[in-house]
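Q: So here's my_file-v8.txt (compact mmCIF, C-alpha atoms).
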```
# COMPACT_ATOMS: atom_id res chain seq x y z
CA MET T 1 -27.63 -19.66 14.57
CA ARG T 2 -25.34 -18.74 11.66
CA THR T 3 -25.79 -19.82 8.05
CA PHE T 4 -23.02 -20.43 5.51
CA PHE T 5 -23.25 -21.42 1.85
CA ALA T 6 -20.73 -22.79 -0.65
CA PRO T 7 -21.64 -23.26 -4.32
CA GLY T 8 -20.82 -26.16 -6.55
CA ARG T 9 -18.95 -25.48 -9.74
CA VAL T 10 -19.07 -26.38 -13.38
CA ASN T 11 -15.93 -26.11 -15.43
CA LEU T 12 -16.52 -24.41 -18.74
CA ILE T 13 -13.20 -25.56 -20.19
CA GLY T 14 -9.77 -26.65 -18.96
CA GLU T 15 -10.12 -30.27 -17.89
CA TYR T 16 -7.37 -32.18 -16.07
CA THR T 17 -5.05 -29.23 -16.62
CA ASP T 18 -5.08 -28.32 -12.92
CA LEU T 19 -3.34 -31.61 -12.14
CA VAL T 20 -0.18 -30.29 -13.79
CA GLY T 21 -0.39 -26.55 -13.11
CA GLY T 22 -2.38 -25.56 -16.19
CA LEU T 23 -5.23 -23.15 -16.94
CA VAL T 24 -8.89 -23.63 -16.02
CA LEU T 25 -12.09 -21.64 -16.58
CA PRO T 26 -14.79 -22.72 -14.11
CA VAL T 27 -17.86 -20.91 -12.78
CA ALA T 28 -19.52 -21.22 -9.40
CA ILE T 29 -23.15 -22.25 -9.84
CA GLU T 30 -26.35 -21.61 -7.92
CA PRO T 31 -26.83 -25.08 -6.34
CA GLY T 32 -24.56 -25.77 -3.40
CA ILE T 33 -24.29 -26.82 0.24
CA THR T 34 -25.67 -24.89 3.21
CA LEU T 35 -24.47 -25.21 6.80
CA ARG T 36 -26.62 -23.87 9.63
CA CYS T 37 -24.67 -24.00 12.86
CA GLU T 38 -23.83 -22.45 16.19
CA PRO T 39 -20.68 -22.46 18.33
CA ALA T 40 -20.05 -25.59 20.39
CA SER T 41 -17.30 -27.25 22.40
CA ASP T 42 -16.64 -29.76 19.61
CA ILE T 43 -17.71 -30.38 16.00
CA HIS T 44 -21.09 -32.11 15.77
CA LEU T 45 -22.80 -32.00 12.37
CA SER T 46 -25.64 -33.95 10.84
CA SER T 47 -26.74 -34.35 7.24
CA GLN T 48 -29.26 -36.23 5.12
CA ASP T 49 -27.92 -35.33 1.69
CA ALA T 50 -24.24 -34.35 1.90
CA PRO T 51 -21.68 -36.32 -0.18
CA PRO T 52 -20.92 -39.87 0.94
CA GLU T 53 -18.41 -40.21 3.76
CA TRP T 54 -18.95 -36.54 4.54
CA GLN T 55 -17.69 -36.94 8.08
CA ARG T 56 -14.24 -37.84 6.75
CA TYR T 57 -14.18 -34.56 4.84
CA VAL T 58 -15.21 -32.60 7.93
CA ASP T 59 -12.49 -34.23 10.02
CA ALA T 60 -9.88 -33.58 7.33
CA VAL T 61 -10.87 -29.92 7.01
CA GLU T 62 -10.61 -29.43 10.77
CA HIS T 63 -7.17 -31.07 10.74
CA GLU T 64 -5.82 -28.84 7.96
CA LEU T 65 -7.18 -25.66 9.55
CA ARG T 66 -5.66 -26.61 12.86
CA ALA T 67 -2.33 -26.96 11.05
CA LEU T 68 -2.75 -23.38 9.81
CA GLY T 69 -3.16 -22.16 13.38
CA ARG T 70 -6.94 -21.98 13.72
CA PRO T 71 -8.03 -21.87 17.38
CA ALA T 72 -9.93 -24.92 18.60
CA ARG T 73 -13.56 -23.79 18.38
CA GLY T 74 -16.34 -26.24 17.58
CA ILE T 75 -19.70 -26.00 15.84
CA GLN T 76 -22.91 -27.97 15.88
CA GLY T 77 -25.47 -27.88 13.12
CA GLU T 78 -26.85 -29.38 9.93
CA LEU T 79 -25.64 -29.63 6.34
CA THR T 80 -28.13 -29.55 3.46
CA SER T 81 -27.37 -29.81 -0.24
CA THR T 82 -29.00 -28.92 -3.55
CA LEU T 83 -26.16 -30.49 -5.55
CA PRO T 84 -26.59 -33.87 -7.24
CA ILE T 85 -23.97 -36.23 -5.80
CA GLY T 86 -21.52 -37.85 -8.23
CA ALA T 87 -22.49 -35.64 -11.17
CA GLY T 88 -19.14 -33.90 -11.46
CA LEU T 89 -20.28 -30.60 -9.90
CA SER T 90 -17.82 -30.69 -6.99
CA SER T 91 -20.14 -31.53 -4.13
CA SER T 92 -17.12 -32.64 -2.10
CA ALA T 93 -15.32 -29.32 -2.61
CA ALA T 94 -18.49 -27.38 -1.71
CA LEU T 95 -18.70 -29.44 1.50
CA GLU T 96 -15.07 -28.70 2.35
CA VAL T 97 -15.52 -25.01 1.62
CA VAL T 98 -18.70 -24.49 3.63
CA VAL T 99 -17.26 -26.30 6.63
CA GLY T 100 -13.98 -24.43 6.23
CA ILE T 101 -15.49 -20.94 6.14
CA ALA T 102 -17.79 -21.75 9.06
CA LEU T 103 -14.95 -23.06 11.22
CA CYS T 104 -12.86 -19.99 10.39
CA ALA T 105 -15.76 -17.62 11.10
CA VAL T 106 -16.67 -18.99 14.52
CA ALA T 107 -13.00 -18.91 15.55
CA GLU T 108 -12.53 -15.42 14.11
CA PHE T 109 -9.63 -16.87 12.14
CA GLU T 110 -8.87 -14.99 8.92
CA VAL T 111 -7.17 -16.78 6.05
CA ASP T 112 -6.57 -15.73 2.44
CA PRO T 113 -9.03 -17.46 0.06
CA LEU T 114 -6.29 -19.12 -1.98
CA GLU T 115 -4.47 -20.28 1.14
CA LEU T 116 -7.77 -21.72 2.32
CA ALA T 117 -8.30 -23.38 -1.07
CA GLN T 118 -4.89 -25.03 -0.79
CA ALA T 119 -5.67 -26.29 2.71
CA LEU T 120 -9.01 -27.67 1.57
CA ARG T 121 -7.36 -29.39 -1.37
CA ARG T 122 -5.04 -31.10 1.11
CA ALA T 123 -8.11 -32.04 3.14
CA GLU T 124 -9.61 -33.81 0.12
CA HIS T 125 -6.40 -35.77 -0.36
CA ARG T 126 -6.45 -36.68 3.32
CA ALA T 127 -10.13 -37.68 3.31
CA VAL T 128 -10.32 -39.89 0.23
CA GLY T 129 -6.84 -40.08 -1.28
CA VAL T 130 -7.81 -38.46 -4.58
CA PRO T 131 -4.89 -36.46 -6.09
CA SER T 132 -7.19 -33.65 -7.27
CA GLY T 133 -6.15 -30.15 -8.30
CA ILE T 134 -7.09 -26.85 -6.70
CA MET T 135 -9.72 -25.77 -9.23
CA ASP T 136 -12.82 -26.98 -7.38
CA GLN T 137 -12.10 -25.31 -4.05
CA ALA T 138 -10.88 -22.12 -5.74
CA ALA T 139 -14.00 -21.87 -7.91
CA SER T 140 -16.30 -22.31 -4.91
CA LEU T 141 -14.42 -19.67 -2.91
CA LEU T 142 -13.67 -17.11 -5.64
CA GLY T 143 -16.79 -17.32 -7.81
CA ARG T 144 -18.32 -14.06 -8.99
CA ARG T 145 -21.82 -13.60 -10.37
CA GLN T 146 -21.95 -13.55 -14.19
CA HIS T 147 -18.22 -14.24 -14.41
CA ALA T 148 -15.98 -17.24 -15.01
CA LEU T 149 -12.74 -17.69 -13.08
CA LEU T 150 -9.65 -17.83 -15.29
CA LEU T 151 -7.14 -19.47 -12.96
CA ASP T 152 -3.53 -20.43 -13.57
CA THR T 153 -3.23 -23.37 -11.22
CA GLY T 154 0.56 -23.21 -11.38
CA THR T 155 1.02 -19.61 -10.25
CA LEU T 156 -2.45 -19.20 -8.64
CA GLU T 157 -2.89 -15.93 -10.55
CA TYR T 158 -6.49 -15.39 -11.57
CA GLU T 159 -8.94 -12.99 -13.15
CA HIS T 160 -12.69 -12.89 -13.56
CA VAL T 161 -13.95 -13.10 -17.13
CA PRO T 162 -17.47 -11.82 -17.88
CA VAL T 163 -19.96 -14.37 -19.19
CA PRO T 164 -22.27 -12.78 -21.78
CA GLU T 165 -25.69 -12.02 -20.33
CA ASP T 166 -27.40 -13.58 -23.34
CA LEU T 167 -25.93 -17.03 -22.64
CA ALA T 168 -27.30 -19.50 -20.10
CA ILE T 169 -25.21 -22.27 -18.61
CA VAL T 170 -26.93 -25.66 -18.78
CA VAL T 171 -25.75 -28.71 -16.85
CA ILE T 172 -26.81 -32.05 -18.34
CA ASP T 173 -26.41 -35.01 -16.00
CA SER T 174 -25.56 -38.28 -17.76
CA GLY T 175 -26.98 -40.26 -14.84
CA VAL T 176 -23.77 -42.31 -14.70
CA ARG T 177 -22.60 -42.07 -11.10
CA ARG T 178 -18.97 -42.35 -10.06
CA THR T 179 -16.53 -41.33 -7.38
CA LEU T 180 -13.12 -40.19 -8.53
CA GLU T 181 -11.35 -42.56 -6.15
CA SER T 182 -13.00 -45.50 -7.96
CA THR T 183 -12.19 -44.37 -11.53
CA GLY T 184 -9.05 -43.91 -13.61
CA TYR T 185 -8.54 -40.36 -12.33
CA ALA T 186 -5.34 -41.12 -10.40
CA THR T 187 -4.03 -43.14 -13.33
CA ARG T 188 -4.50 -40.18 -15.67
CA LYS T 189 -2.63 -37.94 -13.25
CA ARG T 190 0.27 -40.38 -13.15
CA GLU T 191 0.30 -40.67 -16.93
CA LEU T 192 0.41 -36.88 -17.27
CA GLU T 193 3.31 -36.66 -14.83
CA GLU T 194 5.14 -39.41 -16.71
CA GLY T 195 4.76 -37.60 -20.04
CA HIS T 196 2.39 -40.07 -21.76
CA ALA T 197 2.22 -38.64 -25.30
CA LYS T 198 -1.55 -38.64 -25.83
CA ARG T 199 -2.30 -37.42 -22.32
CA THR T 200 0.26 -34.63 -22.58
CA ARG T 201 -1.11 -33.59 -25.95
CA HIS T 202 -4.51 -33.11 -24.36
CA VAL T 203 -3.15 -30.78 -21.68
CA GLU T 204 -1.04 -28.76 -24.10
CA THR T 205 -3.93 -28.20 -26.50
CA GLU T 206 -6.44 -27.69 -23.68
CA ASN T 207 -4.40 -24.85 -22.19
CA GLU T 208 -4.56 -23.07 -25.52
CA ARG T 209 -8.30 -23.67 -25.71
CA VAL T 210 -8.77 -22.11 -22.28
CA ARG T 211 -6.98 -18.93 -23.38
CA ALA T 212 -9.02 -18.81 -26.57
CA ALA T 213 -12.31 -19.49 -24.76
CA ALA T 214 -11.68 -16.65 -22.31
CA ALA T 215 -11.10 -14.33 -25.27
CA ALA T 216 -14.24 -15.62 -26.98
CA LEU T 217 -16.32 -14.95 -23.85
CA ARG T 218 -14.99 -11.41 -23.65
CA SER T 219 -15.88 -10.74 -27.29
CA GLY T 220 -19.10 -12.79 -27.37
CA ASP T 221 -17.79 -14.96 -30.23
CA ARG T 222 -20.30 -17.81 -30.19
CA ALA T 223 -18.81 -19.62 -33.19
CA ALA T 224 -15.40 -19.78 -31.54
CA LEU T 225 -16.89 -21.07 -28.28
CA GLY T 226 -18.66 -23.84 -30.15
CA GLU T 227 -15.49 -24.95 -31.90
CA LEU T 228 -13.39 -24.79 -28.74
CA PHE T 229 -15.83 -26.78 -26.60
CA ARG T 230 -16.19 -29.40 -29.33
CA ALA T 231 -12.42 -29.74 -29.67
CA SER T 232 -12.07 -30.01 -25.88
CA HIS T 233 -14.61 -32.81 -25.70
CA ASP T 234 -13.01 -34.67 -28.60
CA SER T 235 -9.62 -34.43 -26.89
CA LEU T 236 -11.04 -35.71 -23.61
CA ARG T 237 -12.63 -38.59 -25.50
CA ASP T 238 -9.70 -39.52 -27.75
CA ASP T 239 -6.47 -38.34 -26.09
CA LEU T 240 -7.32 -38.49 -22.40
CA GLU T 241 -9.95 -41.25 -22.77
CA VAL T 242 -12.15 -40.16 -19.87
CA SER T 243 -15.48 -39.67 -21.63
CA THR T 244 -18.26 -42.24 -21.85
CA PRO T 245 -20.75 -43.17 -24.58
CA GLU T 246 -23.49 -41.45 -22.57
CA LEU T 247 -21.53 -38.18 -22.38
CA ASP T 248 -20.61 -38.38 -26.07
CA GLU T 249 -24.27 -38.79 -26.98
CA ILE T 250 -25.31 -35.87 -24.79
CA VAL T 251 -22.75 -33.56 -26.37
CA ASP T 252 -23.77 -34.58 -29.90
CA ARG T 253 -27.45 -34.07 -29.05
CA ALA T 254 -26.75 -30.72 -27.42
CA TYR T 255 -25.19 -29.35 -30.60
CA ALA T 256 -27.96 -30.90 -32.69
CA VAL T 257 -30.69 -29.11 -30.72
CA GLY T 258 -29.08 -25.71 -30.74
CA ALA T 259 -26.35 -25.41 -28.10
CA VAL T 260 -23.83 -22.67 -28.76
CA ALA T 261 -21.18 -24.90 -27.17
CA ALA T 262 -21.10 -28.22 -25.30
CA ARG T 263 -18.61 -30.65 -23.78
CA MET T 264 -18.24 -33.12 -20.93
CA THR T 265 -17.16 -31.44 -17.71
CA GLY T 266 -15.42 -32.63 -14.57
CA GLY T 267 -13.36 -35.74 -14.05
CA GLY T 268 -15.24 -37.86 -16.56
CA PHE T 269 -16.01 -41.59 -16.38
CA GLY T 270 -19.62 -40.42 -15.95
CA GLY T 271 -20.98 -37.24 -14.44
CA ALA T 272 -22.22 -34.33 -16.49
CA ALA T 273 -21.83 -32.23 -19.61
CA VAL T 274 -22.01 -28.44 -19.78
CA ALA T 275 -23.64 -26.43 -22.56
CA LEU T 276 -23.81 -22.74 -23.34
CA VAL T 277 -27.25 -21.92 -24.71
CA ALA T 278 -28.96 -18.77 -25.92
CA ARG T 279 -30.81 -17.53 -22.85
CA GLU T 280 -34.11 -17.04 -24.67
CA GLY T 281 -34.14 -20.72 -25.66
CA ALA T 282 -32.79 -22.22 -22.45
CA ASP T 283 -36.10 -23.62 -21.15
CA THR T 284 -36.83 -25.36 -24.44
CA PHE T 285 -33.28 -26.76 -24.54
CA VAL T 286 -33.45 -28.09 -20.98
CA ALA T 287 -36.77 -29.82 -21.71
CA ARG T 288 -35.08 -31.95 -24.37
CA PHE T 289 -33.00 -33.78 -21.77
CA GLU T 290 -34.05 -36.09 -18.95
CA ARG T 291 -31.72 -34.62 -16.32
CA ALA T 292 -30.74 -31.02 -17.03
CA PHE T 293 -31.00 -27.60 -15.45
CA ALA T 294 -30.07 -24.06 -16.38
CA THR T 295 -27.97 -21.95 -14.06
CA THR T 296 -25.92 -18.79 -14.07
CA ALA T 297 -22.41 -18.03 -12.90
CA ALA T 298 -22.85 -17.35 -9.19
CA ASP T 299 -21.06 -15.72 -6.30
CA GLY T 300 -18.63 -17.74 -4.21
CA ALA T 301 -18.90 -19.06 -0.66
CA ARG T 302 -20.19 -16.70 2.00
CA GLU T 303 -22.09 -16.30 5.23
CA THR T 304 -25.70 -15.74 4.29
CA GLY T 305 -27.36 -14.91 7.58
CA THR T 306 -27.38 -14.88 11.36
CA ARG T 307 -30.32 -15.29 13.69
CA SER T 308 -30.58 -15.67 17.44
```
Using structure tokens, write down the structure from this file.
A:
Amino acid sequence: MRTFFAPGRVNLIGEYTDLVGGLVLPVAIEPGITLRCEPASDIHLSSQDAPPEWQRYVDAVEHELRALGRPARGIQGELTSTLPIGAGLSSSAALEVVVGIALCAVAEFEVDPLELAQALRRAEHRAVGVPSGIMDQAASLLGRRQHALLLDTGTLEYEHVPVPEDLAIVVIDSGVRRTLESTGYATRKRELEEGHAKRTRHVETENERVRAAAAALRSGDRAALGELFRASHDSLRDDLEVSTPELDEIVDRAYAVGAVAARMTGGGFGGAAVALVAREGADTFVARFERAFATTAADGARETGTRS
């Protein structure tokens, strides 16, 4: 029996920019999806807590890997998840990644991580028709402990940016559940491609905020991080119009109770907010919210163990 793990992700800053080749700054997080499996003649998986319609994702991943030349080797096993579904933490990408690395491993099929990320992005499009960017799969594959991933989604150039040890990452779930295929996500993508003035303004200013946030992380400039996250959230609320009253309230409360920085994260229309909090006060901060947890920037997807 072999065990594989793929983390979820939270995007620190750089929202919707990956739809048009912009800059993003996500981190892999500690919760994720585990696959325990063994070789088989076909693919037979079970799950009690994977994302909805998970079988469609599995089928789409297998299809895209076959197109890359992966030999036909099956697996049988079970998927388990510690990620909340529909909270904007990329449970679907973690599912694609864990299945993808397992299928490659059992077939002894080597593929570059970014090539794999591109294939898994295509798998998501195939499975549910969501025109998502490459950030989620790349973050799950390329995550590094105590670092954020600064990724240019146009060129696929990337670097790892250290996250200060004295800052904790807190995810605050709004409790508003959504799936991107049932929201205005595709509409926003189309509006960006068509040059809608307000939508384009968000992306242009957000790219600059990503650059500035990476610099602020490197220098430990907490004041700058607070201003940049606030401006990002306001732009998502006003120019892109993807926030919700629940997310707006969470962000305001987060700053009021001591967050260094806070903003909505993910595709919006519900989901979660992310906050950077002084590590020594993280437990107290988390206790102020109904659905929140502290995490750290984690390593990316990997095989975690083998047993006979």
Q: Could you jot down the atom CA of Ser46 of chain T to atom CA of Glu303 of chain T separation for me, Å, one decimal place?
A: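 Taking atom CA of Ser46 of chain T and atom CA of Glu303 of chain T, their separation equals 18.9 Å.
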Q: Given all atoms listed in the file as the basis, pick out the residue of T:Ala216, T:Val242, T:Leu95, T:Leu35 nearest to Gly77 of chain T.
A: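 Nearest to Gly77 of chain T: T:Leu35.
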Q: Rounded to one decimal in Å, what is the spacing between atom CA of Leu141 of chain T and atom CA of Ala215 of chain T?
A: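 Answer for the atom CA of Leu141 of chain T to atom CA of Ala215 of chain T separation: 23.2 Å.
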Q: Quick one: everything within 12 Å of Ala256 of chain T, counting all atoms listed in the file, minus sequence neighbours fewer than 5 positions away in the same chain. Send it as a list of chain:residue names.
A: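 In the requested format, the answer is T:Gly226, T:Glu249, T:Ile250, T:Val251, T:Ala261, T:Ala262, T:Ala275, T:Phe285, T:Arg288.
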Q: Pick the closest to Val20 of chain T from T:Glu110, T:Glu115, T:Asp152, T:Asp239: which is it, counting all atoms listed in the file?
A: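 Answer, going by the shortest atom-to-atom distance: T:Asp152.
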Q: Can you tell me how far atom CA of Leu192 of chain T sits from atom CA of Leu23 of chain T, in Å to one decimal?
A: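 Between atom CA of Leu192 of chain T and atom CA of Leu23 of chain T the gap is 14.8 Å.
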Q: For Arg9 of chain T, which residue among T:Ile172, T:Ala148, T:Val130, T:Ile101 is the nearest when counting all atoms listed in the file?
A: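 With all atoms listed in the file as the atom set, the closest residue is T:Ala148.
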Q: Please rebuild segment 238-250 of chain T with N, CA and C atoms and give the result as a PDB file, in the frame of the given file.
A:
```pdb
ATOM      1  N   ASP T 238     -10.677 -38.776 -26.949  1.00  0.00           N
ATOM      2  CA  ASP T 238      -9.700 -39.520 -27.750  1.00  0.00           C
ATOM      3  C   ASP T 238      -8.296 -39.543 -27.143  1.00  0.00           C
ATOM      4  N   ASP T 239      -7.832 -38.401 -26.616  1.00  0.00           N
ATOM      5  CA  ASP T 239      -6.470 -38.340 -26.090  1.00  0.00           C
ATOM      6  C   ASP T 239      -6.388 -38.699 -24.607  1.00  0.00           C
ATOM      7  N   LEU T 240      -7.341 -38.189 -23.830  1.00  0.00           N
ATOM      8  CA  LEU T 240      -7.320 -38.490 -22.400  1.00  0.00           C
ATOM      9  C   LEU T 240      -8.140 -39.730 -22.060  1.00  0.00           C
ATOM     10  N   GLU T 241      -9.117 -40.043 -22.913  1.00  0.00           N
ATOM     11  CA  GLU T 241      -9.950 -41.250 -22.770  1.00  0.00           C
ATOM     12  C   GLU T 241     -10.660 -41.306 -21.426  1.00  0.00           C
ATOM     13  N   VAL T 242     -11.387 -40.210 -21.122  1.00  0.00           N
ATOM     14  CA  VAL T 242     -12.150 -40.160 -19.870  1.00  0.00           C
ATOM     15  C   VAL T 242     -13.641 -39.939 -20.104  1.00  0.00           C
ATOM     16  N   SER T 243     -14.058 -39.829 -21.362  1.00  0.00           N
ATOM     17  CA  SER T 243     -15.480 -39.670 -21.630  1.00  0.00           C
ATOM     18  C   SER T 243     -16.165 -41.027 -21.604  1.00  0.00           C
ATOM     19  N   THR T 244     -17.468 -41.014 -21.794  1.00  0.00           N
ATOM     20  CA  THR T 244     -18.260 -42.240 -21.850  1.00  0.00           C
ATOM     21  C   THR T 244     -19.222 -42.141 -23.022  1.00  0.00           C
ATOM     22  N   PRO T 245     -19.772 -43.254 -23.493  1.00  0.00           N
ATOM     23  CA  PRO T 245     -20.750 -43.170 -24.580  1.00  0.00           C
ATOM     24  C   PRO T 245     -21.942 -42.272 -24.233  1.00  0.00           C
ATOM     25  N   GLU T 246     -22.366 -42.293 -22.972  1.00  0.00           N
ATOM     26  CA  GLU T 246     -23.490 -41.450 -22.570  1.00  0.00           C
ATOM     27  C   GLU T 246     -23.153 -39.965 -22.702  1.00  0.00           C
ATOM     28  N   LEU T 247     -21.934 -39.579 -22.268  1.00  0.00           N
ATOM     29  CA  LEU T 247     -21.530 -38.180 -22.380  1.00  0.00           C
ATOM     30  C   LEU T 247     -21.348 -37.785 -23.846  1.00  0.00           C
ATOM     31  N   ASP T 248     -20.781 -38.684 -24.644  1.00  0.00           N
ATOM     32  CA  ASP T 248     -20.610 -38.380 -26.070  1.00  0.00           C
ATOM     33  C   ASP T 248     -21.962 -38.130 -26.738  1.00  0.00           C
ATOM     34  N   GLU T 249     -22.934 -38.953 -26.398  1.00  0.00           N
ATOM     35  CA  GLU T 249     -24.270 -38.790 -26.980  1.00  0.00           C
ATOM     36  C   GLU T 249     -24.904 -37.475 -26.544  1.00  0.00           C
ATOM     37  N   ILE T 250     -24.747 -37.125 -25.278  1.00  0.00           N
ATOM     38  CA  ILE T 250     -25.310 -35.870 -24.790  1.00  0.00           C
ATOM     39  C   ILE T 250     -24.708 -34.682 -25.524  1.00  0.00           C
TER      40      ILE T 250
END
```
